[in-house]
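Student: Dropping in work.cif, with mmCIF, C-alpha atoms.
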```cif
data_data
loop_
_atom_site.group_PDB
_atom_site.id
_atom_site.type_symbol
_atom_site.label_atom_id
_atom_site.label_comp_id
_atom_site.auth_asym_id
_atom_site.auth_seq_id
_atom_site.Cartn_x
_atom_site.Cartn_y
_atom_site.Cartn_z
ATOM 1 C CA MET D 1 18.840 110.068 34.515
ATOM 2 C CA ARG D 2 16.626 108.531 31.864
ATOM 3 C CA SER D 3 14.116 105.806 32.483
ATOM 4 C CA LYS D 4 15.040 102.407 31.108
ATOM 5 C CA LEU D 5 11.612 101.694 29.632
ATOM 6 C CA ILE D 6 10.562 100.875 26.090
ATOM 7 C CA THR D 7 7.462 99.711 24.252
ATOM 8 C CA ARG D 8 7.558 96.276 22.662
ATOM 9 C CA THR D 9 7.495 97.878 19.183
ATOM 10 C CA GLY D 10 10.448 100.098 20.114
ATOM 11 C CA TYR D 11 12.380 97.114 21.482
ATOM 12 C CA LEU D 12 11.813 95.140 18.278
ATOM 13 C CA LYS D 13 13.020 98.105 16.188
ATOM 14 C CA LEU D 14 16.230 98.370 18.205
ATOM 15 C CA LYS D 15 16.818 94.608 17.882
ATOM 16 C CA GLN D 16 16.197 94.862 14.126
ATOM 17 C CA GLU D 17 18.668 97.763 13.854
ATOM 18 C CA LEU D 18 21.291 95.785 15.795
ATOM 19 C CA ASP D 19 20.757 92.743 13.603
ATOM 20 C CA GLN D 20 20.992 94.801 10.401
ATOM 21 C CA LEU D 21 24.173 96.562 11.542
ATOM 22 C CA TRP D 22 25.886 93.393 12.790
ATOM 23 C CA ARG D 23 24.853 90.902 10.115
ATOM 24 C CA GLU D 24 24.670 93.065 6.998
ATOM 25 C CA GLU D 25 26.290 96.477 7.182
ATOM 26 C CA ARG D 26 29.365 95.667 9.300
ATOM 27 C CA PRO D 27 30.522 92.697 7.176
ATOM 28 C CA GLU D 28 30.098 94.793 4.011
ATOM 29 C CA VAL D 29 32.095 97.718 5.404
ATOM 30 C CA THR D 30 34.762 95.323 6.714
ATOM 31 C CA ARG D 31 35.151 93.898 3.185
ATOM 32 C CA LYS D 32 35.552 97.420 1.800
ATOM 33 C CA VAL D 33 38.199 98.297 4.407
ATOM 34 C CA THR D 34 40.126 95.105 3.626
ATOM 35 C CA TRP D 35 39.930 95.782 -0.116
ATOM 36 C CA ALA D 36 40.996 99.437 0.276
ATOM 37 C CA ALA D 37 43.873 98.464 2.580
ATOM 38 C CA SER D 38 45.154 96.006 -0.038
ATOM 39 C CA LEU D 39 45.620 98.872 -2.510
ATOM 40 C CA GLY D 40 48.617 100.212 -0.633
ATOM 41 C CA ASP D 41 49.103 103.761 0.733
ATOM 42 C CA ARG D 42 46.331 104.210 3.273
ATOM 43 C CA SER D 43 47.106 107.849 4.073
ATOM 44 C CA GLU D 44 45.704 109.063 0.736
ATOM 45 C CA ASN D 45 43.103 106.338 0.257
ATOM 46 C CA ALA D 46 39.663 107.935 0.665
ATOM 47 C CA ASP D 47 37.840 104.582 0.483
ATOM 48 C CA TYR D 48 39.952 103.227 3.315
ATOM 49 C CA GLN D 49 39.584 106.317 5.509
ATOM 50 C CA TYR D 50 35.837 106.700 4.970
ATOM 51 C CA ASN D 51 35.036 103.010 5.541
ATOM 52 C CA LYS D 52 37.326 102.794 8.568
ATOM 53 C CA LYS D 53 35.439 105.755 10.063
ATOM 54 C CA ARG D 54 32.111 104.113 9.200
ATOM 55 C CA LEU D 55 33.257 100.894 10.848
ATOM 56 C CA ARG D 56 34.005 102.808 14.081
ATOM 57 C CA GLU D 57 30.523 104.395 13.933
ATOM 58 C CA ILE D 58 28.891 100.993 13.449
ATOM 59 C CA ASP D 59 30.877 99.469 16.309
ATOM 60 C CA ARG D 60 29.950 102.370 18.600
ATOM 61 C CA ARG D 61 26.253 101.986 17.769
ATOM 62 C CA VAL D 62 26.402 98.190 18.189
ATOM 63 C CA ARG D 63 27.962 98.591 21.661
ATOM 64 C CA TYR D 64 25.260 101.112 22.599
ATOM 65 C CA LEU D 65 22.458 98.866 21.331
ATOM 66 C CA LEU D 66 23.823 95.776 23.101
ATOM 67 C CA LYS D 67 24.049 97.631 26.422
ATOM 68 C CA THR D 68 20.647 99.273 25.976
ATOM 69 C CA LEU D 69 18.853 96.053 25.023
ATOM 70 C CA GLU D 70 20.417 94.321 28.027
ATOM 71 C CA ASP D 71 19.386 97.033 30.523
ATOM 72 C CA ILE D 72 16.000 98.088 29.176
ATOM 73 C CA ARG D 73 12.593 96.918 30.421
ATOM 74 C CA ILE D 74 9.742 96.298 27.978
ATOM 75 C CA VAL D 75 6.415 97.743 29.111
ATOM 76 C CA ASP D 76 3.389 96.124 27.506
ATOM 77 C CA TYR D 77 -0.141 97.464 27.633
ATOM 78 C CA ALA D 78 -2.306 96.248 30.500
ATOM 79 C CA PRO D 79 -6.117 96.668 30.598
ATOM 80 C CA GLU D 80 -5.789 98.310 34.033
ATOM 81 C CA GLN D 81 -4.207 101.330 32.302
ATOM 82 C CA GLU D 82 -7.427 102.191 30.461
ATOM 83 C CA GLY D 83 -8.744 105.679 31.245
ATOM 84 C CA LYS D 84 -5.502 107.034 32.708
ATOM 85 C CA VAL D 85 -2.235 108.260 31.217
ATOM 86 C CA PHE D 86 0.592 105.760 31.563
ATOM 87 C CA PHE D 87 3.584 104.659 29.519
ATOM 88 C CA GLY D 88 2.596 103.875 25.929
ATOM 89 C CA ALA D 89 -0.534 106.055 25.935
ATOM 90 C CA TRP D 90 -1.581 108.227 23.023
ATOM 91 C CA VAL D 91 -2.718 111.516 24.542
ATOM 92 C CA SER D 92 -4.594 114.474 23.058
ATOM 93 C CA ILE D 93 -4.285 117.699 25.061
ATOM 94 C CA GLU D 94 -5.451 121.295 24.683
ATOM 95 C CA ASN D 95 -4.510 124.562 26.354
ATOM 96 C CA ASP D 96 -6.560 127.703 27.079
ATOM 97 C CA ALA D 97 -5.535 129.211 23.726
ATOM 98 C CA GLY D 98 -7.113 126.259 21.899
ATOM 99 C CA GLU D 99 -3.779 124.777 20.833
ATOM 100 C CA ILE D 100 -4.141 121.003 20.475
ATOM 101 C CA ARG D 101 -1.315 118.475 20.616
ATOM 102 C CA GLN D 102 -1.319 114.716 20.206
ATOM 103 C CA PHE D 103 1.536 112.395 21.047
ATOM 104 C CA ARG D 104 2.514 109.035 22.501
ATOM 105 C CA ILE D 105 4.501 108.683 25.708
ATOM 106 C CA VAL D 106 7.405 106.298 25.066
ATOM 107 C CA GLY D 107 10.992 105.550 26.098
ATOM 108 C CA TYR D 108 13.972 107.739 25.307
ATOM 109 C CA ASP D 109 15.286 105.481 22.537
ATOM 110 C CA GLU D 110 12.006 105.688 20.600
ATOM 111 C CA ILE D 111 11.617 109.465 20.198
ATOM 112 C CA PHE D 112 14.231 110.249 17.569
ATOM 113 C CA GLU D 113 12.497 109.317 14.342
ATOM 114 C CA ARG D 114 8.992 110.404 15.343
ATOM 115 C CA LYS D 115 7.686 113.931 15.886
ATOM 116 C CA ASP D 116 4.564 112.567 17.602
ATOM 117 C CA TYR D 117 6.446 110.703 20.373
ATOM 118 C CA ILE D 118 7.674 112.230 23.647
ATOM 119 C CA SER D 119 9.929 110.729 26.274
ATOM 120 C CA ILE D 120 8.490 109.454 29.539
ATOM 121 C CA ASP D 121 11.151 111.646 31.181
ATOM 122 C CA SER D 122 9.934 114.902 29.609
ATOM 123 C CA PRO D 123 8.219 117.515 31.804
ATOM 124 C CA MET D 124 5.027 117.123 29.750
ATOM 125 C CA ALA D 125 4.867 113.340 30.220
ATOM 126 C CA ARG D 126 5.643 113.616 33.932
ATOM 127 C CA ALA D 127 2.841 116.151 34.385
ATOM 128 C CA LEU D 128 0.328 113.935 32.534
ATOM 129 C CA LEU D 129 1.058 110.603 34.234
ATOM 130 C CA LYS D 130 -1.895 109.070 36.122
ATOM 131 C CA LYS D 131 -4.276 111.771 34.903
ATOM 132 C CA SER D 132 -7.681 111.064 33.303
ATOM 133 C CA VAL D 133 -9.736 112.708 30.549
ATOM 134 C CA ASP D 134 -10.836 116.254 31.508
ATOM 135 C CA ASP D 135 -8.070 116.532 34.138
ATOM 136 C CA GLU D 136 -5.708 119.445 33.895
ATOM 137 C CA ALA D 137 -1.955 119.112 34.020
ATOM 138 C CA LEU D 138 0.371 121.902 35.048
ATOM 139 C CA VAL D 139 3.595 121.623 33.061
ATOM 140 C CA GLU D 140 6.690 123.423 34.336
ATOM 141 C CA THR D 141 8.827 124.781 31.520
ATOM 142 C CA PRO D 142 11.760 127.216 31.432
ATOM 143 C CA ALA D 143 9.303 129.840 30.168
ATOM 144 C CA GLY D 144 6.948 129.239 33.126
ATOM 145 C CA SER D 145 3.962 127.068 33.963
ATOM 146 C CA CYS D 146 1.494 125.980 31.283
ATOM 147 C CA CYS D 147 -1.900 124.410 31.877
ATOM 148 C CA TRP D 148 -3.083 121.639 29.551
ATOM 149 C CA TYR D 149 -6.394 119.755 29.569
ATOM 150 C CA ILE D 150 -6.587 116.103 28.612
ATOM 151 C CA ASN D 151 -9.106 115.491 25.807
ATOM 152 C CA GLU D 152 -8.411 111.858 24.955
ATOM 153 C CA ILE D 153 -6.350 108.888 26.127
ATOM 154 C CA ARG D 154 -6.041 105.751 24.071
ATOM 155 C CA TYR D 155 -3.878 102.690 23.899
ATOM 156 C CA GLU D 156 -3.231 100.822 20.690
ATOM 157 C CA PRO D 157 -2.175 97.211 20.574
ATOM 158 C CA ASP D 158 1.352 96.558 19.389
ATOM 159 C CA THR D 159 0.700 95.678 15.755
ATOM 160 C CA GLU D 160 4.094 94.046 15.357
ATOM 161 C CA THR D 161 3.384 91.551 18.136
ATOM 162 C CA ASN D 162 -0.401 91.253 17.682
ATOM 163 C CA LYS D 163 -1.052 92.134 21.306
#
```
What does the file become when written as structure tokens?

Tutor:
Amino acid sequence: MRSKLITRTGYLKLKQELDQLWREERPEVTRKVTWAASLGDRSENADYQYNKKRLREIDRRVRYLLKTLEDIRIVDYAPEQEGKVFFGAWVSIENDAGEIRQFRIVGYDEIFERKDYISIDSPMARALLKKSVDDEALVETPAGSCCWYINEIRYEPDTETNK
């Protein structure tokens, strides 16, 4: 079960995607389908088949976005979070081998286009929650337990909302 949390920036991106799909892309593809259908034989009409498929993809994504935006809870930064790892934190960690990783803990719907974001539901994020700088976190993975040390925790204001 995934958490239904999202940062304000992530929420605004999903709303923007929904708006773009519904107001711009879907009407354009619908026009193409109508035009291609008017040409006659649809069974051998590549324009018709491709755009009809694209229309189904758009509709599927729109349904998903509408449901997600309705069910999701926006989590904004609060000053009380400072010094500990919570949702929305940028975290820098290091293991005994000196390997350093930096990432932001965000909601499931925000991780797909960013390599430096991890889901709040991931084993790493769960192990780091409520920890402070210099704490160690034991992360359970299929390959076994790994120990990571927290080097830095920071929160950045949402630039898109000027918070």

Student: Name every residue that the PyMOL selection byres ((chain D and resi 136) around 10) selects in this structure, writing the answer as a PyMOL selection string with chains first and numbers rising.

Tutor: chain D and resi 93-95+127-128+131-135+137-139+147-151

Student: Rounded to one decimal in Å, what is the spacing between CA of Leu5 in chain D and CA of Ile72 in chain D?

Tutor: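 CA of Leu5 in chain D sits 5.7 Å away from CA of Ile72 in chain D.
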
Student: CA of Ser92 in chain D and CA of Asp109 in chain D are how many Å apart?

Tutor: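 CA of Asp109 in chain D lies 21.8 Å from CA of Ser92 in chain D.
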
Student: I need the residue nearest Glu70 in chain D from this list: D:Lys15, D:Arg26, D:Lys52, D:Arg42. Use only C-alpha atoms for the distance.

Tutor: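 Using only C-alpha atoms, the shortest distance to Glu70 in chain D belongs to D:Lys15.
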
Student: Using only C-alpha atoms, which residue out of D:Arg114, D:Arg8, D:Lys13, D:Arg104 lies closest to Ala89 in chain D?

Tutor: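 Residue with the minimum atom-to-atom distance to Ala89 in chain D: D:Arg104.
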
Student: I'd like to see the residues matched by the PyMOL selection byres ((chain D and resi 27-37) around 7) on this file, and ideally I'd get them as a list in words.

Tutor: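 Output from the PyMOL selection byres ((chain D and resi 27-37) around 7), applied to this file: Arg23, Glu24, Glu25, Arg26, Ser38, Leu39, Gly40, Arg42, Asp47, Tyr48, Asn51, Lys52 and Leu55 of chain D.
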
Student: Would you kindly return, as a PyMOL selection string, each protein, DNA or RNA residue with an atom no farther than 12 Å from any atom of Leu14 in chain D, considering all atoms listed in the file and excluding same-chain residues fewer than 6 positions away?

Tutor: chain D and resi 6-8+20-21+61-62+64-70+72+74+107-110

Student: Can you write just those residues out, C-alpha atoms, as an mmCIF file, in the coordinates of the input?

Tutor:
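As a result, result_24.cif now contains:
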```
data_model
loop_
_atom_site.group_PDB
_atom_site.id
_atom_site.type_symbol
_atom_site.label_atom_id
_atom_site.label_comp_id
_atom_site.auth_asym_id
_atom_site.auth_seq_id
_atom_site.Cartn_x
_atom_site.Cartn_y
_atom_site.Cartn_z
ATOM 1 C CA ILE D 6 10.562 100.875 26.090
ATOM 2 C CA THR D 7 7.462 99.711 24.252
ATOM 3 C CA ARG D 8 7.558 96.276 22.662
ATOM 4 C CA GLN D 20 20.992 94.801 10.401
ATOM 5 C CA LEU D 21 24.173 96.562 11.542
ATOM 6 C CA ARG D 61 26.253 101.986 17.769
ATOM 7 C CA VAL D 62 26.402 98.190 18.189
ATOM 8 C CA TYR D 64 25.260 101.112 22.599
ATOM 9 C CA LEU D 65 22.458 98.866 21.331
ATOM 10 C CA LEU D 66 23.823 95.776 23.101
ATOM 11 C CA LYS D 67 24.049 97.631 26.422
ATOM 12 C CA THR D 68 20.647 99.273 25.976
ATOM 13 C CA LEU D 69 18.853 96.053 25.023
ATOM 14 C CA GLU D 70 20.417 94.321 28.027
ATOM 15 C CA ILE D 72 16.000 98.088 29.176
ATOM 16 C CA ILE D 74 9.742 96.298 27.978
ATOM 17 C CA GLY D 107 10.992 105.550 26.098
ATOM 18 C CA TYR D 108 13.972 107.739 25.307
ATOM 19 C CA ASP D 109 15.286 105.481 22.537
ATOM 20 C CA GLU D 110 12.006 105.688 20.600
#
```

Student: Could you check how far CA of Trp22 in chain D sits from CA of Tyr50 in chain D, in Å to one decimal?

Tutor: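 Those two atoms sit 18.4 Å apart.
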
Student: Please determine an axis-aligned box that encloses all atoms of range 92-96 of chain D listed in the file, with 3 Å added on each side, and express its centre and edge lengths in Å to one decimal as lines of an AutoDock Vina configuration file.

Tutor:
```
center_x = -5.4
center_y = 121.1
center_z = 25.1
size_x = 8.3
size_y = 19.2
size_z = 10.0
```

Student: Written as an MDAnalysis selection string, what is the full residue list that the PyMOL selection byres ((chain D and resi 76) around 12) yields on the file shown?

Tutor: chainID D and resid 5:11 73:75 77:81 86:89 106 155:158 161:163

Student: Between D:Val91, D:Ala97, D:Lys4, D:Lys130, which one has atoms that come closest to Asp116 in chain D, using only C-alpha atoms?

Tutor: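 When distances to Asp116 in chain D are compared using only C-alpha atoms, the smallest one comes from D:Val91.
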
Student: Using all atoms listed in the file, can you tell me which of D:Pro142, D:Leu129, D:Val85, D:Trp90 comes closest to Tyr117 in chain D?

Tutor: D:Trp90

Student: Counting all atoms listed in the file, which of D:Ile105, D:Ile153, D:Ile100, D:Leu12 gets nearest to Ala125 in chain D?

Tutor: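 Comparing D:Ile105, D:Ile153, D:Ile100, D:Leu12 against Ala125 in chain D, the winner is D:Ile105.
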
Student: Keeping N, CA, C and O atoms, write range 4-39 of chain D of the structure just shown out as a short mmCIF file (atom, residue, chain, number, x, y, z; two decimals), in the first residue's frame.

Tutor:
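Result file follows (out_29.cif):
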```cif
data_model
loop_
_atom_site.label_atom_id
_atom_site.label_comp_id
_atom_site.auth_asym_id
_atom_site.auth_seq_id
_atom_site.Cartn_x
_atom_site.Cartn_y
_atom_site.Cartn_z
N LYS D 4 -0.44 8.15 0.57
CA LYS D 4 -1.10 9.13 -0.29
C LYS D 4 -0.64 10.53 0.10
O LYS D 4 -1.43 11.38 0.48
N LEU D 5 0.68 10.74 -0.01
CA LEU D 5 1.29 12.02 0.34
C LEU D 5 1.99 12.58 -0.88
O LEU D 5 2.45 11.84 -1.74
N ILE D 6 2.09 13.91 -0.92
CA ILE D 6 2.78 14.57 -2.03
C ILE D 6 3.25 15.94 -1.56
O ILE D 6 2.63 16.55 -0.69
N THR D 7 4.35 16.41 -2.13
CA THR D 7 4.79 17.77 -1.84
C THR D 7 3.93 18.73 -2.65
O THR D 7 3.28 18.34 -3.62
N ARG D 8 3.91 19.98 -2.26
CA ARG D 8 3.11 20.96 -2.98
C ARG D 8 3.60 21.07 -4.44
O ARG D 8 2.79 21.15 -5.36
N THR D 9 4.91 21.06 -4.65
CA THR D 9 5.46 21.13 -6.00
C THR D 9 4.99 19.94 -6.83
O THR D 9 4.59 20.10 -7.99
N GLY D 10 5.02 18.75 -6.25
CA GLY D 10 4.56 17.55 -6.95
C GLY D 10 3.08 17.64 -7.30
O GLY D 10 2.66 17.26 -8.40
N TYR D 11 2.28 18.15 -6.38
CA TYR D 11 0.84 18.31 -6.60
C TYR D 11 0.59 19.26 -7.78
O TYR D 11 -0.22 18.97 -8.66
N LEU D 12 1.31 20.38 -7.78
CA LEU D 12 1.13 21.36 -8.86
C LEU D 12 1.54 20.78 -10.21
O LEU D 12 0.92 21.06 -11.23
N LYS D 13 2.58 19.92 -10.23
CA LYS D 13 2.99 19.29 -11.48
C LYS D 13 1.93 18.32 -12.00
O LYS D 13 1.66 18.27 -13.20
N LEU D 14 1.32 17.56 -11.09
CA LEU D 14 0.26 16.65 -11.51
C LEU D 14 -0.95 17.42 -12.04
O LEU D 14 -1.55 17.04 -13.04
N LYS D 15 -1.31 18.51 -11.35
CA LYS D 15 -2.43 19.34 -11.82
C LYS D 15 -2.13 19.93 -13.19
O LYS D 15 -2.99 19.99 -14.06
N GLN D 16 -0.88 20.36 -13.39
CA GLN D 16 -0.47 20.94 -14.67
C GLN D 16 -0.54 19.87 -15.77
O GLN D 16 -0.99 20.14 -16.88
N GLU D 17 -0.10 18.65 -15.45
CA GLU D 17 -0.17 17.56 -16.43
C GLU D 17 -1.63 17.28 -16.80
O GLU D 17 -1.96 17.12 -17.98
N LEU D 18 -2.50 17.21 -15.80
CA LEU D 18 -3.92 16.96 -16.04
C LEU D 18 -4.50 18.06 -16.93
O LEU D 18 -5.20 17.78 -17.91
N ASP D 19 -4.20 19.29 -16.62
CA ASP D 19 -4.70 20.42 -17.38
C ASP D 19 -4.22 20.36 -18.84
O ASP D 19 -4.99 20.55 -19.77
N GLN D 20 -2.94 20.05 -19.02
CA GLN D 20 -2.36 19.98 -20.36
C GLN D 20 -3.00 18.84 -21.17
O GLN D 20 -3.36 19.01 -22.33
N LEU D 21 -3.18 17.68 -20.52
CA LEU D 21 -3.79 16.55 -21.22
C LEU D 21 -5.24 16.85 -21.59
O LEU D 21 -5.67 16.58 -22.71
N TRP D 22 -6.01 17.41 -20.65
CA TRP D 22 -7.44 17.60 -20.85
C TRP D 22 -7.76 18.78 -21.76
O TRP D 22 -8.67 18.70 -22.59
N ARG D 23 -7.02 19.87 -21.62
CA ARG D 23 -7.36 21.08 -22.37
C ARG D 23 -6.63 21.22 -23.71
O ARG D 23 -7.10 21.91 -24.59
N GLU D 24 -5.47 20.57 -23.83
CA GLU D 24 -4.70 20.74 -25.06
C GLU D 24 -4.57 19.45 -25.87
O GLU D 24 -4.98 19.39 -27.02
N GLU D 25 -3.99 18.43 -25.25
CA GLU D 25 -3.67 17.23 -26.02
C GLU D 25 -4.92 16.43 -26.42
O GLU D 25 -5.04 16.01 -27.57
N ARG D 26 -5.85 16.24 -25.49
CA ARG D 26 -7.04 15.44 -25.81
C ARG D 26 -7.88 16.07 -26.92
O ARG D 26 -8.27 15.36 -27.87
N PRO D 27 -8.18 17.36 -26.89
CA PRO D 27 -8.94 17.94 -28.00
C PRO D 27 -8.23 17.80 -29.35
O PRO D 27 -8.88 17.54 -30.38
N GLU D 28 -6.90 17.93 -29.35
CA GLU D 28 -6.14 17.80 -30.59
C GLU D 28 -6.22 16.37 -31.14
O GLU D 28 -6.45 16.16 -32.34
N VAL D 29 -6.05 15.39 -30.26
CA VAL D 29 -6.13 13.99 -30.70
C VAL D 29 -7.55 13.64 -31.13
O VAL D 29 -7.75 12.92 -32.12
N THR D 30 -8.54 14.18 -30.45
CA THR D 30 -9.94 13.94 -30.83
C THR D 30 -10.21 14.48 -32.24
O THR D 30 -10.87 13.82 -33.05
N ARG D 31 -9.67 15.64 -32.55
CA ARG D 31 -9.82 16.21 -33.91
C ARG D 31 -9.17 15.28 -34.95
O ARG D 31 -9.72 15.05 -36.03
N LYS D 32 -8.01 14.75 -34.62
CA LYS D 32 -7.32 13.85 -35.55
C LYS D 32 -8.11 12.57 -35.78
O LYS D 32 -8.19 12.07 -36.90
N VAL D 33 -8.69 12.03 -34.71
CA VAL D 33 -9.50 10.80 -34.83
C VAL D 33 -10.71 11.07 -35.71
O VAL D 33 -11.04 10.28 -36.61
N THR D 34 -11.37 12.20 -35.48
CA THR D 34 -12.55 12.56 -36.28
C THR D 34 -12.18 12.72 -37.75
O THR D 34 -12.87 12.21 -38.64
N TRP D 35 -11.07 13.41 -38.01
CA TRP D 35 -10.61 13.60 -39.38
C TRP D 35 -10.28 12.27 -40.03
O TRP D 35 -10.70 11.99 -41.16
N ALA D 36 -9.53 11.40 -39.32
CA ALA D 36 -9.13 10.11 -39.88
C ALA D 36 -10.34 9.22 -40.13
O ALA D 36 -10.40 8.48 -41.12
N ALA D 37 -11.32 9.29 -39.24
CA ALA D 37 -12.54 8.47 -39.40
C ALA D 37 -13.33 8.92 -40.63
O ALA D 37 -13.99 8.11 -41.29
N SER D 38 -13.26 10.20 -40.96
CA SER D 38 -14.01 10.72 -42.11
C SER D 38 -13.43 10.24 -43.44
O SER D 38 -14.07 10.36 -44.47
N LEU D 39 -12.22 9.71 -43.42
CA LEU D 39 -11.57 9.25 -44.65
C LEU D 39 -12.10 7.92 -45.15
O LEU D 39 -11.79 7.50 -46.25
#
```
